[in-house]
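Asker: Got a structure for you, query08.txt, holding compact mmCIF, C-alpha atoms and all ligand atoms.
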# COMPACT_ATOMS: atom_id res chain seq x y z
CA MET A 1 -46.21 4.42 4.76
CA THR A 2 -46.76 3.31 8.35
CA GLU A 3 -43.96 3.33 10.92
CA PRO A 4 -42.20 -0.08 10.68
CA THR A 5 -42.03 -2.16 13.86
CA ILE A 6 -38.72 -3.51 15.07
CA ARG A 7 -38.11 -6.88 16.73
CA THR A 8 -35.44 -9.50 17.31
CA GLY A 9 -35.07 -12.14 14.58
CA THR A 10 -35.39 -15.93 14.86
CA PRO A 11 -34.08 -18.75 12.67
CA ASN A 12 -37.61 -18.98 11.22
CA ASP A 13 -37.08 -15.58 9.59
CA PHE A 14 -34.03 -16.77 7.66
CA THR A 15 -35.67 -17.54 4.30
CA ARG A 16 -37.34 -14.13 4.16
CA MET A 17 -34.08 -12.49 5.20
CA VAL A 18 -32.20 -14.12 2.32
CA ALA A 19 -34.79 -12.88 -0.20
CA HIS A 20 -34.47 -9.43 1.39
CA PHE A 21 -30.65 -9.45 1.02
CA ASP A 22 -30.88 -10.51 -2.64
CA LEU A 23 -33.25 -7.61 -3.26
CA VAL A 24 -31.29 -4.96 -1.36
CA PHE A 25 -27.80 -5.95 -2.48
CA GLY A 26 -28.90 -6.71 -6.04
CA GLU A 27 -27.59 -10.25 -6.00
CA ALA A 28 -28.82 -13.14 -8.10
CA PRO A 29 -30.39 -15.75 -5.80
CA ASN A 30 -27.94 -18.54 -4.92
CA ASP A 31 -28.78 -21.37 -2.54
CA GLU A 32 -25.20 -22.52 -2.05
CA GLY A 33 -23.82 -21.85 1.41
CA LEU A 34 -27.11 -20.84 2.98
CA ASP A 35 -26.85 -23.47 5.73
CA ASN A 36 -23.48 -22.13 6.79
CA PHE A 37 -24.69 -18.56 6.55
CA LYS A 38 -27.59 -19.45 8.84
CA GLN A 39 -25.25 -21.02 11.39
CA TRP A 40 -22.98 -17.99 11.13
CA LEU A 41 -25.68 -15.52 12.22
CA GLU A 42 -26.40 -14.96 15.91
CA PHE A 43 -30.17 -14.73 15.74
CA ASP A 44 -30.59 -13.24 19.19
CA ARG A 45 -28.66 -10.26 17.80
CA VAL A 46 -30.61 -9.98 14.54
CA ILE A 47 -32.79 -6.87 14.28
CA LEU A 48 -35.74 -6.98 11.87
CA ALA A 49 -37.97 -4.12 10.77
CA GLU A 50 -41.39 -4.99 9.38
CA ASP A 51 -44.04 -2.89 7.71
CA ALA A 52 -47.47 -4.48 7.45
CA GLY A 53 -45.87 -7.91 7.75
CA GLU A 54 -43.26 -7.23 5.05
CA LEU A 55 -39.57 -7.39 5.94
CA VAL A 56 -38.16 -3.93 5.22
CA GLY A 57 -34.98 -3.71 7.28
CA THR A 58 -32.29 -5.95 8.80
CA ALA A 59 -29.20 -5.54 10.93
CA GLY A 60 -27.32 -8.09 12.99
CA ALA A 61 -24.22 -8.55 15.09
CA ASN A 62 -21.73 -11.27 15.85
CA SER A 63 -19.94 -11.49 19.19
CA TYR A 64 -16.24 -11.10 18.52
CA ARG A 65 -13.05 -10.41 20.38
CA VAL A 66 -10.73 -7.92 18.76
CA THR A 67 -7.01 -7.57 19.40
CA VAL A 68 -5.94 -4.18 20.71
CA PRO A 69 -2.45 -2.57 20.74
CA GLY A 70 -0.37 -4.52 23.23
CA GLY A 71 -1.98 -7.86 22.42
CA ASP A 72 -4.99 -8.16 24.72
CA THR A 73 -8.43 -8.75 23.24
CA VAL A 74 -11.70 -7.00 24.10
CA ALA A 75 -15.31 -8.01 23.48
CA ALA A 76 -16.72 -6.14 20.51
CA ALA A 77 -19.80 -6.61 18.33
CA GLY A 78 -19.41 -7.10 14.59
CA LEU A 79 -22.31 -5.31 12.92
CA THR A 80 -23.44 -7.05 9.75
CA ILE A 81 -26.36 -7.70 7.34
CA VAL A 82 -27.42 -4.03 7.37
CA ALA A 83 -30.03 -3.68 4.64
CA VAL A 84 -33.07 -1.47 4.13
CA ARG A 85 -35.65 -2.26 1.45
CA PRO A 86 -35.43 0.27 -1.41
CA THR A 87 -39.06 1.28 -0.85
CA HIS A 88 -38.20 2.34 2.71
CA ARG A 89 -34.78 3.93 2.34
CA ARG A 90 -33.97 7.38 3.74
CA SER A 91 -36.85 7.33 6.16
CA GLY A 92 -34.71 6.88 9.26
CA LEU A 93 -34.86 3.10 9.51
CA LEU A 94 -31.11 2.55 9.65
CA ARG A 95 -30.92 5.25 12.32
CA ARG A 96 -33.50 3.35 14.44
CA MET A 97 -31.76 0.00 13.96
CA MET A 98 -28.38 1.52 14.81
CA ARG A 99 -29.73 2.85 18.08
CA ARG A 100 -31.13 -0.56 18.95
CA HIS A 101 -27.84 -2.24 18.01
CA LEU A 102 -25.80 0.11 20.20
CA GLU A 103 -28.19 -0.42 23.13
CA ASP A 104 -27.62 -4.15 22.73
CA VAL A 105 -23.84 -3.69 22.65
CA ARG A 106 -23.99 -1.54 25.78
CA ASP A 107 -26.28 -4.01 27.59
CA ARG A 108 -23.93 -6.89 26.81
CA GLY A 109 -21.00 -4.95 28.18
CA GLU A 110 -19.05 -5.01 24.93
CA ALA A 111 -16.51 -2.23 24.62
CA ALA A 112 -17.11 -1.38 20.96
CA SER A 113 -19.02 -2.09 17.80
CA MET A 114 -17.19 -2.74 14.53
CA LEU A 115 -18.15 -3.12 10.89
CA TYR A 116 -17.13 -3.27 7.26
CA ALA A 117 -19.02 -0.66 5.27
CA SER A 118 -20.55 -1.01 1.80
CA GLU A 119 -19.99 2.73 1.37
CA SER A 120 -17.62 4.88 3.38
CA SER A 121 -20.15 7.73 3.63
CA ILE A 122 -22.67 5.92 5.83
CA TYR A 123 -21.33 5.21 9.30
CA GLY A 124 -19.30 8.18 10.52
CA ARG A 125 -22.52 9.83 11.67
CA PHE A 126 -23.14 6.85 13.96
CA GLY A 127 -19.72 7.22 15.59
CA TYR A 128 -17.67 4.68 13.58
CA GLY A 129 -14.14 5.57 12.48
CA SER A 130 -12.06 3.71 9.91
CA ALA A 131 -9.38 2.06 12.06
CA ALA A 132 -7.72 -0.75 10.11
CA PRO A 133 -7.54 -0.19 6.35
CA SER A 134 -7.70 -3.15 4.01
CA GLY A 135 -5.61 -3.39 0.86
CA GLU A 136 -5.74 -5.08 -2.51
CA ILE A 137 -2.58 -5.67 -4.46
CA SER A 138 -1.62 -6.93 -7.86
CA LEU A 139 1.71 -7.63 -9.47
CA GLN A 140 2.86 -9.02 -12.80
CA ARG A 141 4.92 -12.16 -12.32
CA SER A 142 7.55 -10.67 -14.63
CA HIS A 143 8.15 -8.03 -11.92
CA GLY A 144 8.07 -10.43 -8.99
CA ALA A 145 11.85 -10.73 -8.48
CA PHE A 146 13.05 -10.14 -4.94
CA ARG A 147 15.94 -7.92 -3.91
CA ARG A 148 19.17 -9.89 -3.99
CA ASP A 149 19.83 -9.28 -0.30
CA ILE A 150 16.63 -11.00 0.90
CA PRO A 151 17.83 -14.19 2.61
CA ALA A 152 16.93 -17.50 1.01
CA ALA A 153 14.39 -19.70 2.80
CA ARG A 154 15.69 -22.87 4.48
CA GLY A 155 12.43 -24.79 4.70
CA THR A 156 10.16 -26.82 2.43
CA TYR A 157 6.72 -26.51 0.85
CA ARG A 158 3.58 -28.63 0.84
CA LEU A 159 0.36 -28.11 -1.12
CA LEU A 160 -2.87 -29.29 0.49
CA ASP A 161 -6.54 -28.94 -0.23
CA LEU A 162 -8.63 -26.94 2.23
CA ALA A 163 -9.87 -29.88 4.28
CA ALA A 164 -6.38 -31.33 4.71
CA ALA A 165 -5.03 -27.92 5.76
CA ASP A 166 -7.75 -27.24 8.33
CA ALA A 167 -5.77 -28.19 11.45
CA ILE A 168 -2.64 -26.34 10.35
CA MET A 169 -4.58 -23.18 9.51
CA ARG A 170 -6.29 -23.27 12.89
CA GLN A 171 -2.94 -23.71 14.57
CA ILE A 172 -1.13 -20.94 12.68
CA HIS A 173 -3.82 -18.27 12.41
CA PRO A 174 -4.16 -17.28 16.08
CA LEU A 175 -0.38 -17.28 16.56
CA ALA A 176 0.29 -15.25 13.42
CA THR A 177 -2.34 -12.63 14.29
CA ALA A 178 -1.57 -12.40 18.02
CA GLY A 179 -0.60 -8.83 18.79
CA VAL A 180 -1.89 -7.46 15.48
CA PRO A 181 -4.31 -4.65 16.37
CA GLY A 182 -7.70 -5.17 14.74
CA ALA A 183 -7.26 -8.92 14.26
CA LEU A 184 -10.44 -10.75 15.25
CA VAL A 185 -10.52 -14.06 17.07
CA LEU A 186 -12.42 -16.32 14.68
CA ARG A 187 -15.54 -18.00 16.07
CA GLU A 188 -16.21 -21.61 15.04
CA PRO A 189 -18.82 -20.52 12.43
CA ASP A 190 -16.22 -18.18 10.93
CA TRP A 191 -13.84 -21.11 10.50
CA VAL A 192 -16.58 -23.23 8.99
CA ARG A 193 -17.35 -20.51 6.44
CA ARG A 194 -13.65 -19.99 5.70
CA MET A 195 -13.15 -23.69 5.06
CA VAL A 196 -15.88 -24.16 2.44
CA ASP A 197 -15.38 -23.65 -1.25
CA TYR A 198 -18.58 -23.26 -3.24
CA PRO A 199 -18.19 -23.97 -6.98
CA SER A 200 -20.67 -21.21 -7.82
CA ARG A 201 -18.41 -18.63 -6.16
CA ARG A 202 -15.18 -19.59 -7.91
CA GLU A 203 -15.71 -17.44 -11.01
CA GLY A 204 -13.66 -19.78 -13.17
CA HIS A 205 -10.92 -20.37 -10.60
CA THR A 206 -9.67 -23.68 -9.26
CA PRO A 207 -10.71 -24.75 -5.76
CA TRP A 208 -8.68 -23.17 -2.96
CA ARG A 209 -5.24 -24.65 -2.46
CA VAL A 210 -3.28 -24.16 0.72
CA LEU A 211 0.46 -23.72 0.56
CA ILE A 212 2.23 -24.71 3.77
CA TYR A 213 5.75 -23.66 4.56
CA ASP A 214 7.56 -25.99 7.00
CA ARG A 215 10.88 -25.48 8.72
CA ASP A 216 12.58 -28.08 10.90
CA GLY A 217 9.49 -30.25 10.50
CA GLU A 218 7.09 -27.60 11.84
CA PRO A 219 4.55 -25.53 9.87
CA ARG A 220 5.62 -21.87 9.98
CA GLY A 221 2.99 -20.33 7.74
CA TYR A 222 0.35 -20.88 5.11
CA ALA A 223 -1.17 -19.14 2.10
CA ARG A 224 -4.59 -19.82 0.65
CA TYR A 225 -4.85 -19.19 -3.08
CA ARG A 226 -6.48 -20.31 -6.27
CA GLN A 227 -5.66 -20.09 -9.94
CA LYS A 228 -7.42 -19.27 -13.16
CA ASP A 229 -5.86 -20.31 -16.42
CA GLY A 230 -5.63 -18.01 -19.38
CA TRP A 231 -3.89 -18.08 -22.74
CA GLY A 232 -2.96 -15.15 -24.92
CA ASP A 233 -1.06 -14.57 -28.15
CA GLY A 234 2.23 -14.56 -26.27
CA GLY A 235 1.57 -17.65 -24.18
CA PRO A 236 0.20 -18.36 -20.71
CA GLU A 237 -1.69 -15.56 -18.93
CA GLY A 238 -2.90 -17.29 -15.77
CA THR A 239 -3.96 -15.54 -12.58
CA VAL A 240 -3.14 -16.40 -8.98
CA ALA A 241 -5.70 -15.06 -6.49
CA VAL A 242 -4.37 -14.99 -2.94
CA ARG A 243 -6.73 -14.63 -0.01
CA ASP A 244 -4.86 -15.30 3.19
CA VAL A 245 -1.15 -15.32 4.00
CA GLN A 246 -0.29 -16.05 7.62
CA ALA A 247 3.32 -16.36 8.71
CA LEU A 248 4.86 -16.92 12.12
CA ASP A 249 8.06 -15.11 11.21
CA GLY A 250 9.65 -13.05 8.48
CA GLU A 251 11.39 -16.02 6.91
CA ALA A 252 8.07 -17.81 6.42
CA PHE A 253 6.54 -14.62 5.00
CA VAL A 254 9.39 -14.35 2.48
CA ALA A 255 9.16 -18.04 1.58
CA LEU A 256 5.40 -17.99 1.02
CA TRP A 257 5.56 -14.95 -1.25
CA ARG A 258 8.54 -16.30 -3.17
CA PHE A 259 6.39 -19.28 -4.10
CA LEU A 260 3.21 -17.30 -4.82
CA LEU A 261 4.95 -14.84 -7.14
CA ASP A 262 6.53 -17.51 -9.30
CA ILE A 263 3.92 -20.12 -10.15
CA ASP A 264 4.32 -21.56 -13.64
CA LEU A 265 1.88 -20.36 -16.32
CA SER A 266 0.75 -17.40 -14.22
CA MET A 267 1.05 -13.81 -15.34
CA THR A 268 -0.79 -11.81 -12.65
CA ILE A 269 -0.78 -12.30 -8.89
CA ALA A 270 -3.55 -10.54 -6.96
CA ALA A 271 -4.34 -10.53 -3.24
CA THR A 272 -7.10 -9.03 -1.11
CA HIS A 273 -7.45 -8.23 2.61
CA ARG A 274 -3.85 -7.08 2.79
CA PRO A 275 -2.33 -4.78 5.41
CA VAL A 276 -1.78 -1.18 4.30
CA PRO A 277 1.04 -0.59 3.47
CA ASP A 278 1.83 -4.13 2.36
CA PRO A 279 5.17 -5.46 3.67
CA LEU A 280 5.48 -7.44 0.42
CA ARG A 281 6.78 -4.15 -1.05
CA LEU A 282 9.89 -4.49 1.10
CA LEU A 283 10.92 -7.71 -0.66
CA LEU A 284 10.66 -6.57 -4.27
CA ALA A 285 13.55 -5.53 -6.46
CA ASP A 286 11.19 -3.15 -8.31
CA PRO A 287 8.59 -2.21 -5.68
CA ARG A 288 6.92 0.47 -7.82
CA ARG A 289 5.48 -2.38 -9.90
CA LEU A 290 3.35 -3.50 -6.97
CA VAL A 291 -0.07 -1.93 -7.48
CA GLU A 292 -1.68 -1.23 -4.11
CA LYS A 293 -5.25 -0.07 -3.56
CA SER A 294 -6.50 0.73 -0.10
CA SER A 295 -9.97 0.89 1.35
CA ASP A 296 -11.37 1.90 4.75
CA GLY A 297 -11.46 -1.70 6.05
CA LEU A 298 -12.47 -2.28 9.66
CA TRP A 299 -14.41 0.50 11.40
CA VAL A 300 -14.48 0.85 15.19
CA ARG A 301 -17.21 2.52 17.25
CA PRO A 302 -16.23 2.98 20.92
CA LEU A 303 -19.01 2.27 23.42
CA ASP A 304 -17.32 1.81 26.76
CA VAL A 305 -14.56 4.39 26.38
CA PRO A 306 -12.77 3.85 29.73
CA ALA A 307 -12.72 0.06 29.29
CA LEU A 308 -11.47 0.39 25.72
CA LEU A 309 -8.73 2.88 26.53
CA ALA A 310 -7.57 0.93 29.59
CA ALA A 311 -7.40 -2.32 27.59
CA ARG A 312 -4.71 -1.21 25.17
CA ARG A 313 -1.05 -0.32 25.70
CA TYR A 314 0.53 2.97 24.67
CA ARG A 315 3.77 3.36 22.76
CA VAL A 316 5.23 5.91 25.18
CA PRO A 317 4.21 6.58 28.80
CA GLY A 318 2.02 9.61 29.26
CA SER A 319 -1.09 11.15 30.71
CA VAL A 320 -3.81 13.16 29.01
CA VAL A 321 -7.33 14.40 29.78
CA ILE A 322 -9.60 13.54 26.85
CA GLU A 323 -13.08 14.89 26.22
CA VAL A 324 -15.06 12.53 24.01
CA SER A 325 -18.27 13.78 22.39
CA ASP A 326 -20.95 11.43 21.12
CA GLU A 327 -23.74 12.99 19.12
CA PHE A 328 -25.54 9.75 18.33
CA PHE A 329 -25.33 7.68 21.50
CA GLU A 330 -24.03 7.87 25.03
CA ALA A 331 -20.33 7.02 24.99
CA GLY A 332 -19.19 10.61 25.61
CA GLY A 333 -17.44 11.88 28.71
CA ARG A 334 -14.23 13.34 30.04
CA TYR A 335 -11.52 10.91 31.04
CA GLN A 336 -8.07 10.97 32.58
CA LEU A 337 -5.95 8.51 30.61
CA GLU A 338 -2.63 7.33 32.04
CA GLY A 339 -0.87 4.79 29.90
CA GLY A 340 2.37 3.33 28.65
CA PRO A 341 3.88 0.14 27.22
CA ASP A 342 3.04 -1.83 30.41
CA GLY A 343 -0.59 -0.90 30.97
CA ALA A 344 -3.12 1.89 31.33
CA THR A 345 -5.89 3.32 33.46
CA CYS A 346 -8.76 5.49 32.29
CA GLU A 347 -11.16 7.14 34.74
CA PRO A 348 -13.82 9.84 34.52
CA THR A 349 -12.47 13.20 35.65
CA ALA A 350 -13.60 16.76 36.28
CA ALA A 351 -10.21 18.15 35.26
CA ALA A 352 -10.06 20.47 32.26
CA ALA A 353 -9.91 18.69 28.91
CA GLU A 354 -6.60 18.85 27.06
CA ILE A 355 -7.94 17.19 23.91
CA SER A 356 -11.49 17.10 22.52
CA LEU A 357 -12.56 14.63 19.88
CA GLY A 358 -15.65 12.88 18.60
CA VAL A 359 -16.25 9.21 19.25
CA GLU A 360 -15.72 8.60 15.50
CA GLN A 361 -12.19 10.05 15.70
CA LEU A 362 -11.45 8.03 18.83
CA GLY A 363 -12.49 4.91 16.90
CA ALA A 364 -10.19 5.87 14.04
CA VAL A 365 -7.08 6.35 16.22
CA TYR A 366 -7.78 3.55 18.69
CA LEU A 367 -5.89 0.74 16.94
CA GLY A 368 -2.85 2.94 16.40
CA GLY A 369 -2.94 3.10 12.60
CA GLN A 370 -4.45 6.56 12.12
CA ALA A 371 -2.19 9.37 13.35
CA LEU A 372 -3.98 11.52 15.89
CA ASP A 373 -2.08 14.65 14.91
CA ASP A 374 -3.16 14.29 11.27
CA LEU A 375 -6.79 14.44 12.41
CA ALA A 376 -5.94 17.45 14.58
CA TRP A 377 -4.15 19.12 11.67
CA VAL A 378 -7.32 19.05 9.54
CA GLY A 379 -9.42 20.28 12.45
CA LEU A 380 -11.15 17.02 13.45
CA ILE A 381 -9.49 16.90 16.90
CA GLN A 382 -9.00 19.96 19.09
CA GLY A 383 -6.47 20.64 21.80
CA ASP A 384 -3.28 22.47 22.53
CA ALA A 385 -0.30 21.51 20.43
CA ALA A 386 1.70 19.90 23.24
CA ALA A 387 -1.21 17.68 24.36
CA ILE A 388 -1.93 16.64 20.78
CA ARG A 389 1.72 15.68 20.26
CA ARG A 390 1.81 13.74 23.54
CA ALA A 391 -1.42 11.90 22.75
CA ASN A 392 -0.25 11.23 19.20
CA ASP A 393 2.92 9.58 20.48
CA MET A 394 0.97 7.57 23.05
CA PHE A 395 -1.70 6.28 20.62
CA SER A 396 0.61 5.43 17.71
CA TRP A 397 1.66 1.79 17.54
CA PRO A 398 4.47 0.02 15.69
CA ILE A 399 2.33 -2.84 14.35
CA THR A 400 0.05 -1.99 11.41
CA PRO A 401 -3.59 -2.69 12.33
CA HIS A 402 -5.03 -5.37 10.10
CA ASN A 403 -7.85 -7.88 9.98
CA THR A 404 -8.63 -10.58 7.41
CA LEU A 405 -12.07 -11.66 8.60
CA HIS A 406 -14.61 -9.71 6.56
CA PHE A 407 -17.96 -10.04 8.31
C1 LIG B 1 -27.34 2.16 3.57
C2 LIG B 1 -28.78 1.91 4.06
C3 LIG B 1 -28.77 0.80 5.08
C4 LIG B 1 -29.29 3.20 4.68
O1 LIG B 1 -30.55 2.95 5.28
P1 LIG B 1 -31.66 4.10 5.43
O2 LIG B 1 -32.76 3.52 6.25
O3 LIG B 1 -31.97 4.66 4.11
O4 LIG B 1 -30.86 5.19 6.29
P2 LIG B 1 -31.53 6.32 7.18
O5 LIG B 1 -32.76 6.83 6.47
O6 LIG B 1 -31.70 5.87 8.57
O7 LIG B 1 -30.41 7.40 7.08
C5 LIG B 1 -29.60 7.79 8.16
C6 LIG B 1 -28.62 8.80 7.66
O8 LIG B 1 -27.65 8.16 6.83
C7 LIG B 1 -27.59 8.80 5.55
N1 LIG B 1 -27.33 7.74 4.58
C8 LIG B 1 -27.98 6.59 4.48
N2 LIG B 1 -27.46 5.87 3.48
C9 LIG B 1 -26.45 6.57 2.97
C10 LIG B 1 -25.54 6.34 1.92
N3 LIG B 1 -25.58 5.22 1.21
N4 LIG B 1 -24.62 7.28 1.67
C11 LIG B 1 -24.59 8.42 2.40
N5 LIG B 1 -25.43 8.69 3.41
C12 LIG B 1 -26.36 7.77 3.69
C13 LIG B 1 -28.93 9.43 5.40
O9 LIG B 1 -28.87 10.47 4.47
C14 LIG B 1 -29.23 9.90 6.78
O10 LIG B 1 -28.46 11.07 7.03
P3 LIG B 1 -28.91 12.15 8.12
O11 LIG B 1 -28.99 11.44 9.43
O12 LIG B 1 -27.83 13.15 8.05
O13 LIG B 1 -30.24 12.63 7.65
C15 LIG B 1 -29.71 1.52 2.89
O14 LIG B 1 -29.69 2.53 1.92
C16 LIG B 1 -29.32 0.22 2.23
O15 LIG B 1 -29.79 -0.82 2.62
N6 LIG B 1 -28.45 0.28 1.17
C17 LIG B 1 -28.05 -0.88 0.41
C18 LIG B 1 -27.35 -1.96 1.24
C19 LIG B 1 -26.18 -1.43 2.01
O16 LIG B 1 -25.35 -0.69 1.49
N7 LIG B 1 -26.11 -1.81 3.29
C20 LIG B 1 -25.04 -1.41 4.18
C21 LIG B 1 -24.13 -2.56 4.36
S1 LIG B 1 -22.72 -2.11 5.34
Go ahead and express the file in the form of structure tokens.

Answerer:
Amino acid sequence: MTEPTIRTGTPNDFTRMVAHFDLVFGEAPNDEGLDNFKQWLEFDRVILAEDAGELVGTAGANSYRVTVPGGDTVAAAGLTIVAVRPTHRRSGLLRRMMRRHLEDVRDRGEAASMLYASESSIYGRFGYGSAAPSGEISLQRSHGAFRRDIPAARGTYRLLDLAAADAIMRQIHPLATAGVPGALVLREPDWVRRMVDYPSRREGHTPWRVLIYDRDGEPRGYARYRQKDGWGDGGPEGTVAVRDVQALDGEAFVALWRFLLDIDLSMTIAATHRPVPDPLRLLLADPRRLVEKSSDGLWVRPLDVPALLAARRYRVPGSVVIEVSDEFFEAGGRYQLEGGPDGATCEPTAAAAEISLGVEQLGAVYLGGQALDDLAWVGLIQGDAAAIRRANDMFSWPITPHNTLHF
């Protein structure tokens, strides 16, 4: 085997890329949605590896902004379409493409790279840490009763199809996710992909429906769901599959779930891309019946450590000298971090390090969901006990990190 060459992709490569994805991911070819997929890719960020003219490796990135603790957003690349042809696997091709991707992120001045992983064993070595877990839940409708002390909703419901709900979803989504660490700002091509509903991908479900909850004449939240009918010996056994619940306040959250958990003829309600833990648990009279499964979700790979650390807020004021090591790229260094609820600074320093951690661990704790002292407890972060405790309190954050845009 010769050494594959690596170059930037162009839209002309798209057809070959699709055949490559079908091969690598083991998917049956499906033409539906390819136009939108093409528009969704940023070709000047697509990396292609070729061996004797054959496409053998792909990686790409989208230019996102991600919300950090405190509510600001920073520029961060969303790594996607990583695929190496089975004939060329484990020969270092991903390693080469990762290096090129991180160089591109650095050259563009983005603070971090992010991804969703097909397998959780792959990306730690490249400096990515799991930062915002993603949950899946399911509940039997027969166990969907709320606690009696949950206040009743005062508003009203509407059901729309996707196209009719477009403007409301675009209005609610950024407001509902503002301040949620890990939430991405959707680009226009992300909206376009979210708003299409390909029959071949429904797996027997209805088209998406959008439930709107209004109060005082204003939309306060929406939920996107679809149904699948089913009949058993005892009667109806339908399923409700929920994909996106966005609420501007707790009352709207309660109202949307009250509706979703009590749709006639349904037996099972399932939802994906949920925060972990799911606040739905708080509403249920019998919360143990809620089956929750969690996965590693959004991974963060710090690139510009001082910019990243200065961009977020810290739960309690404090100061700590952090030594960051980076075995794969060049984001390491020693930094003096001063931060609190109102802002932060982060500068290179020659002072002695109080805490040492890898860039992967920094990625994991950055959004405030992964406790720093748990990583220290198992030996993945080093430092004296007082500094670890101080940094733990600074980095923790009261809002659960969560993102619903799988890229
Ligand atoms: C995952 C994939 C991209 C790896 O590509 P590759 O070119 O074989 O990876 P490399 O040879 O550069 O391996 C780099 C390192 O990652 C490790 N690695 C690669 N794939 C791995 C996997 N699936 N699980 C665990 N470790 C893995 C290698 O062992 C190697 O480790 P080392 O540096 O300690 O020696 C490739 O196997 C693939 O395309 N898989 C199917 C599609 C997929 O899962 N894509 C990822 C989407 S997020």

Asker: As an exercise, work out the distance from atom CA of A:Asp216 to atom CA of A:Leu282 in Å and give it to one decimal place.

Answerer: 25.7 Å

Asker: To one decimal place, how far is atom CA of A:Glu338 from atom CA of A:Gly368 in Å?

Answerer: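 Between atom CA of A:Glu338 and atom CA of A:Gly368 the gap works out to 16.2 Å.
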
Asker: Can I get the residues close to ligand LIG 1 (chain B) as a ChimeraX atom specification, where close means within 12 Å and we count all atoms listed in the file?

Answerer: /A:4,20-27,49,56-61,78-99,114-128,297-299,327-328,406-407

Asker: Pull the closest atom pair for each residue of stretch 245-271 of chain A that gets at most 12 Å from stretch 178-199 of chain A, along with the distance in Å to one decimal, counting only C-alpha atoms, ordering rows by chain and then ascending residue number, as CSV.

Answerer:
residue,atom,partner,partner_atom,distance
A:Gln246,CA,A:Ala178,CA,11.1
A:Ala247,CA,A:Ala178,CA,11.2
A:Leu248,CA,A:Ala178,CA,9.8

Asker: Please work out which residues fall within 12 Å of (8.0, -4.4, -5.3), coordinates as given in the file, with all atoms listed in the file counting, and return them as a ChimeraX atom specification.

Answerer: /A:137-147,257,261,277-292

Asker: Let me make sure I understand: among A:Ala165, A:Val242, A:Ala271, A:Leu367, which one has the smallest atom-to-atom distance to A:Ala311 if we use only C-alpha atoms?

Answerer: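 Ranking A:Ala165, A:Val242, A:Ala271, A:Leu367 by distance to A:Ala311, first place goes to A:Leu367.
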
Asker: Name the closest residue to A:Trp377 among the candidates A:Leu309, A:Leu337, A:Asn392, A:Ile322; distances are taken between atoms, counting all atoms listed in the file.

Answerer: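 For A:Trp377, the nearest of the given residues is A:Asn392.
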
Asker: Assuming the input is short of atoms at stretch 333-345 of chain A, produce N, CA and C atoms for that part as a PDB file, in the frame of the given file.

Answerer:
ATOM      1  N   GLY A 333     -17.857  11.619  27.329  1.00  0.00           N
ATOM      2  CA  GLY A 333     -17.440  11.880  28.710  1.00  0.00           C
ATOM      3  C   GLY A 333     -16.025  12.437  28.720  1.00  0.00           C
ATOM      4  N   ARG A 334     -15.597  12.814  29.915  1.00  0.00           N
ATOM      5  CA  ARG A 334     -14.230  13.340  30.040  1.00  0.00           C
ATOM      6  C   ARG A 334     -13.414  12.374  30.892  1.00  0.00           C
ATOM      7  N   TYR A 335     -12.279  11.992  30.401  1.00  0.00           N
ATOM      8  CA  TYR A 335     -11.520  10.910  31.040  1.00  0.00           C
ATOM      9  C   TYR A 335     -10.049  11.293  31.209  1.00  0.00           C
ATOM     10  N   GLN A 336      -9.522  10.853  32.342  1.00  0.00           N
ATOM     11  CA  GLN A 336      -8.070  10.970  32.580  1.00  0.00           C
ATOM     12  C   GLN A 336      -7.447   9.645  32.140  1.00  0.00           C
ATOM     13  N   LEU A 337      -6.632   9.703  31.100  1.00  0.00           N
ATOM     14  CA  LEU A 337      -5.950   8.510  30.610  1.00  0.00           C
ATOM     15  C   LEU A 337      -4.488   8.552  31.039  1.00  0.00           C
ATOM     16  N   GLU A 338      -4.056   7.496  31.701  1.00  0.00           N
ATOM     17  CA  GLU A 338      -2.630   7.330  32.040  1.00  0.00           C
ATOM     18  C   GLU A 338      -2.216   6.023  31.386  1.00  0.00           C
ATOM     19  N   GLY A 339      -1.210   6.046  30.566  1.00  0.00           N
ATOM     20  CA  GLY A 339      -0.870   4.790  29.900  1.00  0.00           C
ATOM     21  C   GLY A 339       0.571   4.750  29.453  1.00  0.00           C
ATOM     22  N   GLY A 340       1.008   3.543  29.139  1.00  0.00           N
ATOM     23  CA  GLY A 340       2.370   3.330  28.650  1.00  0.00           C
ATOM     24  C   GLY A 340       2.468   1.928  28.099  1.00  0.00           C
ATOM     25  N   PRO A 341       3.690   1.469  27.806  1.00  0.00           N
ATOM     26  CA  PRO A 341       3.880   0.140  27.220  1.00  0.00           C
ATOM     27  C   PRO A 341       3.452  -0.998  28.157  1.00  0.00           C
ATOM     28  N   ASP A 342       3.341  -0.739  29.472  1.00  0.00           N
ATOM     29  CA  ASP A 342       3.040  -1.830  30.410  1.00  0.00           C
ATOM     30  C   ASP A 342       1.592  -1.870  30.870  1.00  0.00           C
ATOM     31  N   GLY A 343       0.792  -0.877  30.522  1.00  0.00           N
ATOM     32  CA  GLY A 343      -0.590  -0.900  30.970  1.00  0.00           C
ATOM     33  C   GLY A 343      -1.168   0.500  30.993  1.00  0.00           C
ATOM     34  N   ALA A 344      -2.456   0.584  31.354  1.00  0.00           N
ATOM     35  CA  ALA A 344      -3.120   1.890  31.330  1.00  0.00           C
ATOM     36  C   ALA A 344      -4.287   1.905  32.282  1.00  0.00           C
ATOM     37  N   THR A 345      -4.643   3.110  32.726  1.00  0.00           N
ATOM     38  CA  THR A 345      -5.890   3.320  33.460  1.00  0.00           C
ATOM     39  C   THR A 345      -6.632   4.448  32.771  1.00  0.00           C
TER      40      THR A 345
END
